[in-house]
Amino acid sequence: MKKIITLIAFISVLFIPKAIKASSIIVTAPKTGQKAIIRIFNAENNRLIRKFRVYPKSFKSGINIAVGDVTGNGKDNIIVAPKTGWYPIVKIYTKKGKLLKKFPAYSKKHLGGLDVATGDLDNNGQDEIITGPGAGTPTIIKIFDKHGGQKFTQGFLAFSRYFVNGVSVASGDIDQDGRDEIIVGAGPGGSPHVRIFEKYGQPKPNDFFAFKKTFKGGVNVAVGDMNGDGQDVIGACQATNGKKCKIYQYGIKSSPV
């Protein structure tokens, strides 16, 4: 699903990946220390439309969210996953707060959380769910359908199997081939490496380091069409230990714009 967002909203999503604008709504998720409540606002007047709890009252470790039409009915769904400190369970909700499906993305032993994104990887009009684990396990990217079944691949490594510091994920059609790609950013502790993959896990050329290789604070990635020209761009922000953001256009050489 094409996402058209302003520069300010784009940077906000990168810095604070708990707020996502989709069509006529803004969906927000709690940060660490807050109750696990999703809130939906009218994008025009910022009026609260609905709120609902997605994890037990005791859970206050933060939530990652994504929005996309994973059921194929033309309506956005809300995808949630724990940021850390909980079983790696992905949940799919309607905008009315109805739980449609929940499933484990990784071993229940992994309590380091996970990041989520949505993208139409095969251009069939229905978004897939993309996951990347948090710290504590190799950075295996997985792709799921609305039933929690894996698609295209049983998973592929975003980075070296020895790198276990987590990964952020995003998706969009950055090369204008009609299919969304998977964009990943290395978590804190590694160099600020950003890589791009096709749905079967094939790496695309022109991966890049969003910041100086000496920066080890991790990279949050996002993808969107900033100005409505039909061209998705990659946003990268320093996840910790910094406040810099850059926007990259994919091409012969990915470079800031």
# chains A, B, ... in the order shown; residues from 1 in each chain; ligands from 1
>>> residues_around(residues="Leu99 of chain A", least_positions_apart="2", cutoff="12 Å", atoms="only C-alpha atoms", output="VMD selection string")
chain A and resid 52 to 55 77 to 80 90 to 97 101 to 103 146
>>> write_last_selection(atoms="N, CA, C and O atoms", output="PDB file, in the first residue's frame")
ATOM      1  N   PHE A  52      -7.602   0.848  22.496  1.00  0.00           N
ATOM      2  CA  PHE A  52      -7.808  -0.522  22.980  1.00  0.00           C
ATOM      3  C   PHE A  52      -6.483  -1.105  23.447  1.00  0.00           C
ATOM      4  O   PHE A  52      -5.406  -0.741  22.965  1.00  0.00           O
ATOM      5  N   ARG A  53      -6.591  -2.016  24.410  1.00  0.00           N
ATOM      6  CA  ARG A  53      -5.408  -2.650  24.995  1.00  0.00           C
ATOM      7  C   ARG A  53      -5.017  -3.868  24.157  1.00  0.00           C
ATOM      8  O   ARG A  53      -5.876  -4.633  23.707  1.00  0.00           O
ATOM      9  N   VAL A  54      -3.703  -4.064  23.966  1.00  0.00           N
ATOM     10  CA  VAL A  54      -3.239  -5.174  23.136  1.00  0.00           C
ATOM     11  C   VAL A  54      -2.384  -6.184  23.905  1.00  0.00           C
ATOM     12  O   VAL A  54      -2.115  -7.272  23.380  1.00  0.00           O
ATOM     13  N   TYR A  55      -1.958  -5.842  25.109  1.00  0.00           N
ATOM     14  CA  TYR A  55      -1.216  -6.767  25.966  1.00  0.00           C
ATOM     15  C   TYR A  55      -1.702  -6.588  27.400  1.00  0.00           C
ATOM     16  O   TYR A  55      -2.407  -5.617  27.710  1.00  0.00           O
ATOM     17  N   ASN A  77      -5.232  -2.659   8.376  1.00  0.00           N
ATOM     18  CA  ASN A  77      -5.152  -3.386   9.641  1.00  0.00           C
ATOM     19  C   ASN A  77      -3.998  -2.827  10.455  1.00  0.00           C
ATOM     20  O   ASN A  77      -3.076  -2.207   9.921  1.00  0.00           O
ATOM     21  N   ILE A  78      -4.058  -3.066  11.753  1.00  0.00           N
ATOM     22  CA  ILE A  78      -3.001  -2.615  12.661  1.00  0.00           C
ATOM     23  C   ILE A  78      -2.237  -3.834  13.152  1.00  0.00           C
ATOM     24  O   ILE A  78      -2.837  -4.769  13.693  1.00  0.00           O
ATOM     25  N   ILE A  79      -0.940  -3.820  12.946  1.00  0.00           N
ATOM     26  CA  ILE A  79      -0.077  -4.925  13.343  1.00  0.00           C
ATOM     27  C   ILE A  79       0.734  -4.477  14.545  1.00  0.00           C
ATOM     28  O   ILE A  79       1.347  -3.392  14.527  1.00  0.00           O
ATOM     29  N   VAL A  80       0.753  -5.285  15.597  1.00  0.00           N
ATOM     30  CA  VAL A  80       1.492  -4.902  16.804  1.00  0.00           C
ATOM     31  C   VAL A  80       2.427  -6.025  17.220  1.00  0.00           C
ATOM     32  O   VAL A  80       2.174  -7.203  16.960  1.00  0.00           O
ATOM     33  N   VAL A  90       3.041 -11.691  17.296  1.00  0.00           N
ATOM     34  CA  VAL A  90       2.509 -10.656  16.416  1.00  0.00           C
ATOM     35  C   VAL A  90       0.984 -10.734  16.453  1.00  0.00           C
ATOM     36  O   VAL A  90       0.404 -11.825  16.409  1.00  0.00           O
ATOM     37  N   LYS A  91       0.333  -9.580  16.524  1.00  0.00           N
ATOM     38  CA  LYS A  91      -1.129  -9.535  16.545  1.00  0.00           C
ATOM     39  C   LYS A  91      -1.640  -8.652  15.420  1.00  0.00           C
ATOM     40  O   LYS A  91      -1.047  -7.615  15.106  1.00  0.00           O
ATOM     41  N   ILE A  92      -2.756  -9.078  14.823  1.00  0.00           N
ATOM     42  CA  ILE A  92      -3.398  -8.322  13.750  1.00  0.00           C
ATOM     43  C   ILE A  92      -4.762  -7.851  14.238  1.00  0.00           C
ATOM     44  O   ILE A  92      -5.589  -8.664  14.676  1.00  0.00           O
ATOM     45  N   TYR A  93      -5.004  -6.540  14.159  1.00  0.00           N
ATOM     46  CA  TYR A  93      -6.262  -5.956  14.607  1.00  0.00           C
ATOM     47  C   TYR A  93      -6.932  -5.190  13.470  1.00  0.00           C
ATOM     48  O   TYR A  93      -6.272  -4.697  12.542  1.00  0.00           O
ATOM     49  N   THR A  94      -8.247  -5.066  13.545  1.00  0.00           N
ATOM     50  CA  THR A  94      -8.955  -4.121  12.698  1.00  0.00           C
ATOM     51  C   THR A  94      -8.828  -2.736  13.327  1.00  0.00           C
ATOM     52  O   THR A  94      -8.390  -2.586  14.472  1.00  0.00           O
ATOM     53  N   LYS A  95      -9.244  -1.717  12.570  1.00  0.00           N
ATOM     54  CA  LYS A  95      -9.202  -0.358  13.117  1.00  0.00           C
ATOM     55  C   LYS A  95     -10.219  -0.170  14.246  1.00  0.00           C
ATOM     56  O   LYS A  95     -10.148   0.808  14.987  1.00  0.00           O
ATOM     57  N   LYS A  96     -11.155  -1.123  14.376  1.00  0.00           N
ATOM     58  CA  LYS A  96     -12.131  -1.054  15.464  1.00  0.00           C
ATOM     59  C   LYS A  96     -11.633  -1.773  16.716  1.00  0.00           C
ATOM     60  O   LYS A  96     -12.342  -1.834  17.716  1.00  0.00           O
ATOM     61  N   GLY A  97     -10.427  -2.331  16.638  1.00  0.00           N
ATOM     62  CA  GLY A  97      -9.850  -2.985  17.810  1.00  0.00           C
ATOM     63  C   GLY A  97     -10.178  -4.462  17.922  1.00  0.00           C
ATOM     64  O   GLY A  97      -9.904  -5.079  18.955  1.00  0.00           O
ATOM     65  N   LYS A 101      -6.023 -12.107  14.420  1.00  0.00           N
ATOM     66  CA  LYS A 101      -5.079 -13.225  14.454  1.00  0.00           C
ATOM     67  C   LYS A 101      -3.896 -12.858  15.333  1.00  0.00           C
ATOM     68  O   LYS A 101      -3.511 -11.693  15.413  1.00  0.00           O
ATOM     69  N   LYS A 102      -3.334 -13.863  15.987  1.00  0.00           N
ATOM     70  CA  LYS A 102      -2.063 -13.694  16.670  1.00  0.00           C
ATOM     71  C   LYS A 102      -1.222 -14.940  16.433  1.00  0.00           C
ATOM     72  O   LYS A 102      -1.750 -16.045  16.333  1.00  0.00           O
ATOM     73  N   PHE A 103       0.088 -14.749  16.334  1.00  0.00           N
ATOM     74  CA  PHE A 103       0.968 -15.875  16.045  1.00  0.00           C
ATOM     75  C   PHE A 103       2.394 -15.556  16.485  1.00  0.00           C
ATOM     76  O   PHE A 103       2.790 -14.385  16.539  1.00  0.00           O
ATOM     77  N   LYS A 146      -1.737 -13.213   6.385  1.00  0.00           N
ATOM     78  CA  LYS A 146      -2.708 -12.823   7.407  1.00  0.00           C
ATOM     79  C   LYS A 146      -3.033 -13.949   8.381  1.00  0.00           C
ATOM     80  O   LYS A 146      -3.576 -13.702   9.460  1.00  0.00           O
TER      81      LYS A 146
END
>>> residues_around(residues="Gln154 of chain A", least_positions_apart="6", cutoff="10 Å", atoms="only C-alpha atoms", output="PyMOL selection string")
chain A and resi 140-144+200-201
>>> write_last_selection(atoms="all heavy atoms", output="JSON list (two decimals), in the first residue's frame")
[["chain", "number", "residue", "atom", "x", "y", "z"],
["A", 140, "ILE", "N", 17.20, -12.67, 11.70],
["A", 140, "ILE", "CA", 16.48, -13.41, 10.66],
["A", 140, "ILE", "C", 15.17, -12.67, 10.33],
["A", 140, "ILE", "O", 14.30, -12.50, 11.18],
["A", 140, "ILE", "CB", 16.17, -14.84, 11.11],
["A", 140, "ILE", "CG1", 17.49, -15.61, 11.34],
["A", 140, "ILE", "CG2", 15.32, -15.55, 10.06],
["A", 140, "ILE", "CD1", 17.30, -17.00, 11.88],
["A", 141, "ILE", "N", 15.06, -12.24, 9.09],
["A", 141, "ILE", "CA", 13.86, -11.56, 8.61],
["A", 141, "ILE", "C", 12.84, -12.62, 8.17],
["A", 141, "ILE", "O", 13.18, -13.57, 7.46],
["A", 141, "ILE", "CB", 14.19, -10.64, 7.42],
["A", 141, "ILE", "CG1", 15.29, -9.64, 7.81],
["A", 141, "ILE", "CG2", 12.93, -9.91, 6.95],
["A", 141, "ILE", "CD1", 14.95, -8.74, 8.98],
["A", 142, "LYS", "N", 11.59, -12.43, 8.58],
["A", 142, "LYS", "CA", 10.54, -13.36, 8.19],
["A", 142, "LYS", "C", 9.37, -12.59, 7.57],
["A", 142, "LYS", "O", 9.15, -11.41, 7.86],
["A", 142, "LYS", "CB", 10.06, -14.17, 9.40],
["A", 142, "LYS", "CG", 11.11, -15.12, 9.97],
["A", 142, "LYS", "CD", 10.54, -15.99, 11.08],
["A", 142, "LYS", "CE", 11.58, -16.96, 11.62],
["A", 142, "LYS", "NZ", 11.02, -17.86, 12.67],
["A", 143, "ILE", "N", 8.64, -13.31, 6.72],
["A", 143, "ILE", "CA", 7.49, -12.74, 6.02],
["A", 143, "ILE", "C", 6.28, -13.64, 6.27],
["A", 143, "ILE", "O", 6.36, -14.86, 6.12],
["A", 143, "ILE", "CB", 7.77, -12.64, 4.51],
["A", 143, "ILE", "CG1", 9.04, -11.82, 4.26],
["A", 143, "ILE", "CG2", 6.58, -12.02, 3.79],
["A", 143, "ILE", "CD1", 9.58, -11.98, 2.85],
["A", 144, "PHE", "N", 5.16, -13.02, 6.64],
["A", 144, "PHE", "CA", 3.96, -13.78, 7.00],
["A", 144, "PHE", "C", 2.74, -13.27, 6.24],
["A", 144, "PHE", "O", 2.67, -12.09, 5.86],
["A", 144, "PHE", "CB", 3.68, -13.66, 8.50],
["A", 144, "PHE", "CG", 4.76, -14.21, 9.39],
["A", 144, "PHE", "CD1", 5.77, -13.40, 9.85],
["A", 144, "PHE", "CD2", 4.75, -15.55, 9.77],
["A", 144, "PHE", "CE1", 6.77, -13.90, 10.69],
["A", 144, "PHE", "CE2", 5.73, -16.07, 10.58],
["A", 144, "PHE", "CZ", 6.75, -15.24, 11.05],
["A", 200, "TYR", "N", 12.29, -12.96, -1.68],
["A", 200, "TYR", "CA", 12.89, -14.27, -1.43],
["A", 200, "TYR", "C", 14.20, -14.17, -0.65],
["A", 200, "TYR", "O", 14.88, -15.17, -0.45],
["A", 200, "TYR", "CB", 13.13, -15.00, -2.75],
["A", 200, "TYR", "CG", 11.86, -15.42, -3.45],
["A", 200, "TYR", "CD1", 11.46, -14.81, -4.63],
["A", 200, "TYR", "CD2", 11.04, -16.41, -2.90],
["A", 200, "TYR", "CE1", 10.29, -15.20, -5.27],
["A", 200, "TYR", "CE2", 9.87, -16.80, -3.53],
["A", 200, "TYR", "CZ", 9.49, -16.19, -4.71],
["A", 200, "TYR", "OH", 8.32, -16.56, -5.33],
["A", 201, "GLY", "N", 14.54, -12.95, -0.23],
["A", 201, "GLY", "CA", 15.76, -12.77, 0.54],
["A", 201, "GLY", "C", 16.97, -12.40, -0.30],
["A", 201, "GLY", "O", 18.09, -12.34, 0.23]]
>>> residues_around(residues="Lys57 of chain A", least_positions_apart="6", cutoff="10 Å", atoms="only C-alpha atoms", output="JSON, numbers by chain")
{"A": [34, 35, 36, 37]}
>>> residues_around(residues="segment 163-168 of chain A", least_positions_apart="3", cutoff="7 Å", atoms="only C-alpha atoms", output="MDAnalysis selection string")
chainID A and resid 115 132:139 159:160 184:189 220:221
>>> write_last_selection(atoms="N, CA and C atoms", output="PDB file, in the first residue's frame")
ATOM      1  N   ASP A 115      10.589  -5.962  15.529  1.00  0.00           N
ATOM      2  CA  ASP A 115      10.047  -4.856  14.755  1.00  0.00           C
ATOM      3  C   ASP A 115       9.141  -5.429  13.675  1.00  0.00           C
ATOM      4  N   GLY A 132      11.409  -8.425  12.065  1.00  0.00           N
ATOM      5  CA  GLY A 132      12.840  -8.487  12.343  1.00  0.00           C
ATOM      6  C   GLY A 132      13.033  -8.521  13.849  1.00  0.00           C
ATOM      7  N   PRO A 133      13.841  -9.435  14.367  1.00  0.00           N
ATOM      8  CA  PRO A 133      13.960  -9.589  15.820  1.00  0.00           C
ATOM      9  C   PRO A 133      14.769  -8.487  16.484  1.00  0.00           C
ATOM     10  N   GLY A 134      14.486  -8.286  17.764  1.00  0.00           N
ATOM     11  CA  GLY A 134      15.288  -7.398  18.577  1.00  0.00           C
ATOM     12  C   GLY A 134      16.545  -8.105  19.051  1.00  0.00           C
ATOM     13  N   ALA A 135      17.240  -7.483  19.976  1.00  0.00           N
ATOM     14  CA  ALA A 135      18.533  -7.995  20.431  1.00  0.00           C
ATOM     15  C   ALA A 135      18.405  -9.359  21.096  1.00  0.00           C
ATOM     16  N   GLY A 136      19.430 -10.193  20.881  1.00  0.00           N
ATOM     17  CA  GLY A 136      19.494 -11.470  21.566  1.00  0.00           C
ATOM     18  C   GLY A 136      19.459 -12.689  20.670  1.00  0.00           C
ATOM     19  N   THR A 137      19.248 -12.482  19.361  1.00  0.00           N
ATOM     20  CA  THR A 137      19.167 -13.599  18.429  1.00  0.00           C
ATOM     21  C   THR A 137      19.619 -13.106  17.057  1.00  0.00           C
ATOM     22  N   PRO A 138      20.072 -13.993  16.174  1.00  0.00           N
ATOM     23  CA  PRO A 138      20.469 -13.553  14.831  1.00  0.00           C
ATOM     24  C   PRO A 138      19.342 -12.818  14.106  1.00  0.00           C
ATOM     25  N   THR A 139      19.704 -11.917  13.212  1.00  0.00           N
ATOM     26  CA  THR A 139      18.732 -11.021  12.571  1.00  0.00           C
ATOM     27  C   THR A 139      18.048 -11.704  11.386  1.00  0.00           C
ATOM     28  N   PHE A 159      21.881  -9.574   8.414  1.00  0.00           N
ATOM     29  CA  PHE A 159      23.302  -9.315   8.624  1.00  0.00           C
ATOM     30  C   PHE A 159      23.982 -10.628   9.019  1.00  0.00           C
ATOM     31  N   SER A 160      25.240 -10.566   9.372  1.00  0.00           N
ATOM     32  CA  SER A 160      25.993 -11.755   9.753  1.00  0.00           C
ATOM     33  C   SER A 160      25.279 -12.535  10.854  1.00  0.00           C
ATOM     34  N   VAL A 184      16.213  -2.898   5.756  1.00  0.00           N
ATOM     35  CA  VAL A 184      16.595  -3.223   7.134  1.00  0.00           C
ATOM     36  C   VAL A 184      17.711  -2.300   7.599  1.00  0.00           C
ATOM     37  N   GLY A 185      17.721  -2.015   8.889  1.00  0.00           N
ATOM     38  CA  GLY A 185      18.771  -1.217   9.508  1.00  0.00           C
ATOM     39  C   GLY A 185      19.340  -1.942  10.715  1.00  0.00           C
ATOM     40  N   ALA A 186      20.645  -1.918  10.854  1.00  0.00           N
ATOM     41  CA  ALA A 186      21.309  -2.627  11.946  1.00  0.00           C
ATOM     42  C   ALA A 186      21.004  -1.980  13.286  1.00  0.00           C
ATOM     43  N   GLY A 187      20.844  -2.810  14.312  1.00  0.00           N
ATOM     44  CA  GLY A 187      20.561  -2.332  15.654  1.00  0.00           C
ATOM     45  C   GLY A 187      21.789  -1.779  16.353  1.00  0.00           C
ATOM     46  N   PRO A 188      21.619  -1.228  17.558  1.00  0.00           N
ATOM     47  CA  PRO A 188      22.726  -0.654  18.317  1.00  0.00           C
ATOM     48  C   PRO A 188      23.854  -1.662  18.540  1.00  0.00           C
ATOM     49  N   GLY A 189      25.069  -1.173  18.381  1.00  0.00           N
ATOM     50  CA  GLY A 189      26.239  -2.029  18.560  1.00  0.00           C
ATOM     51  C   GLY A 189      26.948  -2.352  17.273  1.00  0.00           C
ATOM     52  N   ASN A 220      17.174   3.322  12.789  1.00  0.00           N
ATOM     53  CA  ASN A 220      15.754   3.088  12.542  1.00  0.00           C
ATOM     54  C   ASN A 220      15.461   3.456  11.091  1.00  0.00           C
ATOM     55  N   VAL A 221      14.776   2.577  10.364  1.00  0.00           N
ATOM     56  CA  VAL A 221      14.466   2.854   8.970  1.00  0.00           C
ATOM     57  C   VAL A 221      12.971   2.998   8.763  1.00  0.00           C
TER      58      VAL A 221
END
>>> residues_around(residues="Gly119 of chain A", least_positions_apart="6", cutoff="10 Å", atoms="only C-alpha atoms", output="list of chain:residue names")
A:Met1, A:Lys2, A:Ala66, A:Val67, A:Gly68, A:Asp69, A:Val70, A:Gly125, A:Gln126, A:Asp127, A:Glu128, A:Ile129, A:Ile130, A:Ile143, A:Ala170, A:Ser171, A:Gly172, A:Asp173, A:Arg179, A:Asp180, A:Glu181, A:Ile182, A:Lys199
>>> write_last_selection(atoms="N, CA, C and O atoms", output="PDB file, in the first residue's frame")
ATOM      1  N   MET A   1       0.841  -1.190   0.000  1.00  0.00           N
ATOM      2  CA  MET A   1       0.000   0.000   0.000  1.00  0.00           C
ATOM      3  C   MET A   1       0.877   1.241   0.000  1.00  0.00           C
ATOM      4  O   MET A   1       1.798   1.364   0.807  1.00  0.00           O
ATOM      5  N   LYS A   2       0.624   2.169  -0.916  1.00  0.00           N
ATOM      6  CA  LYS A   2       1.434   3.372  -1.032  1.00  0.00           C
ATOM      7  C   LYS A   2       1.195   4.291   0.155  1.00  0.00           C
ATOM      8  O   LYS A   2       0.075   4.554   0.542  1.00  0.00           O
ATOM      9  N   ALA A  66       2.726  -1.443  12.876  1.00  0.00           N
ATOM     10  CA  ALA A  66       2.706  -1.209  11.436  1.00  0.00           C
ATOM     11  C   ALA A  66       1.250  -1.166  11.001  1.00  0.00           C
ATOM     12  O   ALA A  66       0.369  -1.696  11.689  1.00  0.00           O
ATOM     13  N   VAL A  67       1.000  -0.542   9.870  1.00  0.00           N
ATOM     14  CA  VAL A  67      -0.357  -0.442   9.343  1.00  0.00           C
ATOM     15  C   VAL A  67      -0.344  -0.861   7.880  1.00  0.00           C
ATOM     16  O   VAL A  67       0.520  -0.431   7.111  1.00  0.00           O
ATOM     17  N   GLY A  68      -1.275  -1.711   7.490  1.00  0.00           N
ATOM     18  CA  GLY A  68      -1.370  -2.133   6.103  1.00  0.00           C
ATOM     19  C   GLY A  68      -2.570  -3.026   5.896  1.00  0.00           C
ATOM     20  O   GLY A  68      -3.134  -3.572   6.845  1.00  0.00           O
ATOM     21  N   ASP A  69      -2.967  -3.188   4.638  1.00  0.00           N
ATOM     22  CA  ASP A  69      -4.110  -4.037   4.298  1.00  0.00           C
ATOM     23  C   ASP A  69      -3.620  -5.467   4.113  1.00  0.00           C
ATOM     24  O   ASP A  69      -3.347  -5.910   2.991  1.00  0.00           O
ATOM     25  N   VAL A  70      -3.530  -6.208   5.207  1.00  0.00           N
ATOM     26  CA  VAL A  70      -3.015  -7.577   5.132  1.00  0.00           C
ATOM     27  C   VAL A  70      -4.128  -8.591   4.841  1.00  0.00           C
ATOM     28  O   VAL A  70      -3.842  -9.738   4.507  1.00  0.00           O
ATOM     29  N   GLY A 125      -1.924  -6.720  -4.442  1.00  0.00           N
ATOM     30  CA  GLY A 125      -2.939  -5.893  -3.805  1.00  0.00           C
ATOM     31  C   GLY A 125      -3.173  -6.191  -2.345  1.00  0.00           C
ATOM     32  O   GLY A 125      -4.071  -5.616  -1.729  1.00  0.00           O
ATOM     33  N   GLN A 126      -2.371  -7.065  -1.768  1.00  0.00           N
ATOM     34  CA  GLN A 126      -2.506  -7.447  -0.358  1.00  0.00           C
ATOM     35  C   GLN A 126      -1.145  -7.399   0.309  1.00  0.00           C
ATOM     36  O   GLN A 126      -0.175  -7.973  -0.191  1.00  0.00           O
ATOM     37  N   ASP A 127      -1.067  -6.715   1.442  1.00  0.00           N
ATOM     38  CA  ASP A 127       0.207  -6.558   2.134  1.00  0.00           C
ATOM     39  C   ASP A 127       0.614  -7.826   2.876  1.00  0.00           C
ATOM     40  O   ASP A 127      -0.239  -8.555   3.409  1.00  0.00           O
ATOM     41  N   GLU A 128       1.908  -8.053   2.928  1.00  0.00           N
ATOM     42  CA  GLU A 128       2.481  -9.071   3.798  1.00  0.00           C
ATOM     43  C   GLU A 128       2.980  -8.406   5.082  1.00  0.00           C
ATOM     44  O   GLU A 128       3.162  -7.181   5.138  1.00  0.00           O
ATOM     45  N   ILE A 129       3.209  -9.234   6.104  1.00  0.00           N
ATOM     46  CA  ILE A 129       3.775  -8.762   7.371  1.00  0.00           C
ATOM     47  C   ILE A 129       5.249  -9.165   7.413  1.00  0.00           C
ATOM     48  O   ILE A 129       5.586 -10.320   7.176  1.00  0.00           O
ATOM     49  N   ILE A 130       6.100  -8.209   7.712  1.00  0.00           N
ATOM     50  CA  ILE A 130       7.553  -8.435   7.749  1.00  0.00           C
ATOM     51  C   ILE A 130       8.018  -8.226   9.178  1.00  0.00           C
ATOM     52  O   ILE A 130       7.632  -7.248   9.834  1.00  0.00           O
ATOM     53  N   ILE A 143       8.640 -13.310   6.720  1.00  0.00           N
ATOM     54  CA  ILE A 143       7.492 -12.740   6.022  1.00  0.00           C
ATOM     55  C   ILE A 143       6.278 -13.636   6.270  1.00  0.00           C
ATOM     56  O   ILE A 143       6.365 -14.864   6.116  1.00  0.00           O
ATOM     57  N   ALA A 170      11.466  -2.019   7.351  1.00  0.00           N
ATOM     58  CA  ALA A 170      10.506  -1.161   6.656  1.00  0.00           C
ATOM     59  C   ALA A 170      10.280  -1.756   5.280  1.00  0.00           C
ATOM     60  O   ALA A 170      10.989  -2.683   4.864  1.00  0.00           O
ATOM     61  N   SER A 171       9.294  -1.229   4.552  1.00  0.00           N
ATOM     62  CA  SER A 171       9.016  -1.761   3.224  1.00  0.00           C
ATOM     63  C   SER A 171       8.417  -0.687   2.336  1.00  0.00           C
ATOM     64  O   SER A 171       7.638   0.161   2.792  1.00  0.00           O
ATOM     65  N   GLY A 172       8.790  -0.728   1.067  1.00  0.00           N
ATOM     66  CA  GLY A 172       8.252   0.199   0.087  1.00  0.00           C
ATOM     67  C   GLY A 172       8.860  -0.068  -1.273  1.00  0.00           C
ATOM     68  O   GLY A 172       9.862  -0.775  -1.397  1.00  0.00           O
ATOM     69  N   ASP A 173       8.255   0.495  -2.297  1.00  0.00           N
ATOM     70  CA  ASP A 173       8.730   0.287  -3.666  1.00  0.00           C
ATOM     71  C   ASP A 173       9.774   1.344  -3.999  1.00  0.00           C
ATOM     72  O   ASP A 173       9.488   2.337  -4.672  1.00  0.00           O
ATOM     73  N   ARG A 179       6.702  -3.611  -7.077  1.00  0.00           N
ATOM     74  CA  ARG A 179       6.696  -4.486  -5.902  1.00  0.00           C
ATOM     75  C   ARG A 179       7.490  -3.828  -4.774  1.00  0.00           C
ATOM     76  O   ARG A 179       8.547  -3.237  -5.004  1.00  0.00           O
ATOM     77  N   ASP A 180       6.971  -3.961  -3.551  1.00  0.00           N
ATOM     78  CA  ASP A 180       7.680  -3.394  -2.412  1.00  0.00           C
ATOM     79  C   ASP A 180       8.919  -4.226  -2.091  1.00  0.00           C
ATOM     80  O   ASP A 180       8.917  -5.450  -2.221  1.00  0.00           O
ATOM     81  N   GLU A 181       9.955  -3.536  -1.664  1.00  0.00           N
ATOM     82  CA  GLU A 181      11.170  -4.185  -1.184  1.00  0.00           C
ATOM     83  C   GLU A 181      11.198  -4.152   0.340  1.00  0.00           C
ATOM     84  O   GLU A 181      10.412  -3.439   0.976  1.00  0.00           O
ATOM     85  N   ILE A 182      12.125  -4.906   0.917  1.00  0.00           N
ATOM     86  CA  ILE A 182      12.331  -4.941   2.367  1.00  0.00           C
ATOM     87  C   ILE A 182      13.611  -4.175   2.681  1.00  0.00           C
ATOM     88  O   ILE A 182      14.666  -4.462   2.117  1.00  0.00           O
ATOM     89  N   LYS A 199      11.689 -10.231  -1.959  1.00  0.00           N
ATOM     90  CA  LYS A 199      10.852 -11.064  -1.103  1.00  0.00           C
ATOM     91  C   LYS A 199      11.433 -12.439  -0.805  1.00  0.00           C
ATOM     92  O   LYS A 199      11.110 -13.046   0.216  1.00  0.00           O
TER      93      LYS A 199
END
>>> closest_residue(among="A:His193, A:Arg39, A:Lys51, A:Lys109", to="Gly218 of chain A", atoms="only C-alpha atoms")
A:His193
>>> atom_distance(atom1="atom CA of Gln231 of chain A", atom2="atom CA of Arg195 of chain A")
18.1 Å
>>> atom_distance(atom1="atom CA of Asn123 of chain A", atom2="atom CA of Val233 of chain A")
18.2 Å
>>> atom_distance(atom1="atom CA of Leu111 of chain A", atom2="atom CA of Ile63 of chain A")
13.0 Å
>>> closest_residue(among="A:Ser24, A:Ser191, A:Phe197, A:Lys98", to="Asn46 of chain A", atoms="only C-alpha atoms")
A:Ser24
>>> select_by_dssp(residues="segment 20-150 of chain A", states="strand (DSSP E)", output="PyMOL selection string")
chain A and resi 20-22+25-28+37-42+48-53+63-68+77-82+89-93+99-104+114-119+128-133+140-144
>>> residues_around(residues="Thr84 of chain A", least_positions_apart="3", cutoff="7 Å", atoms="only C-alpha atoms", output="VMD selection string")
chain A and resid 61 to 62 111 to 113
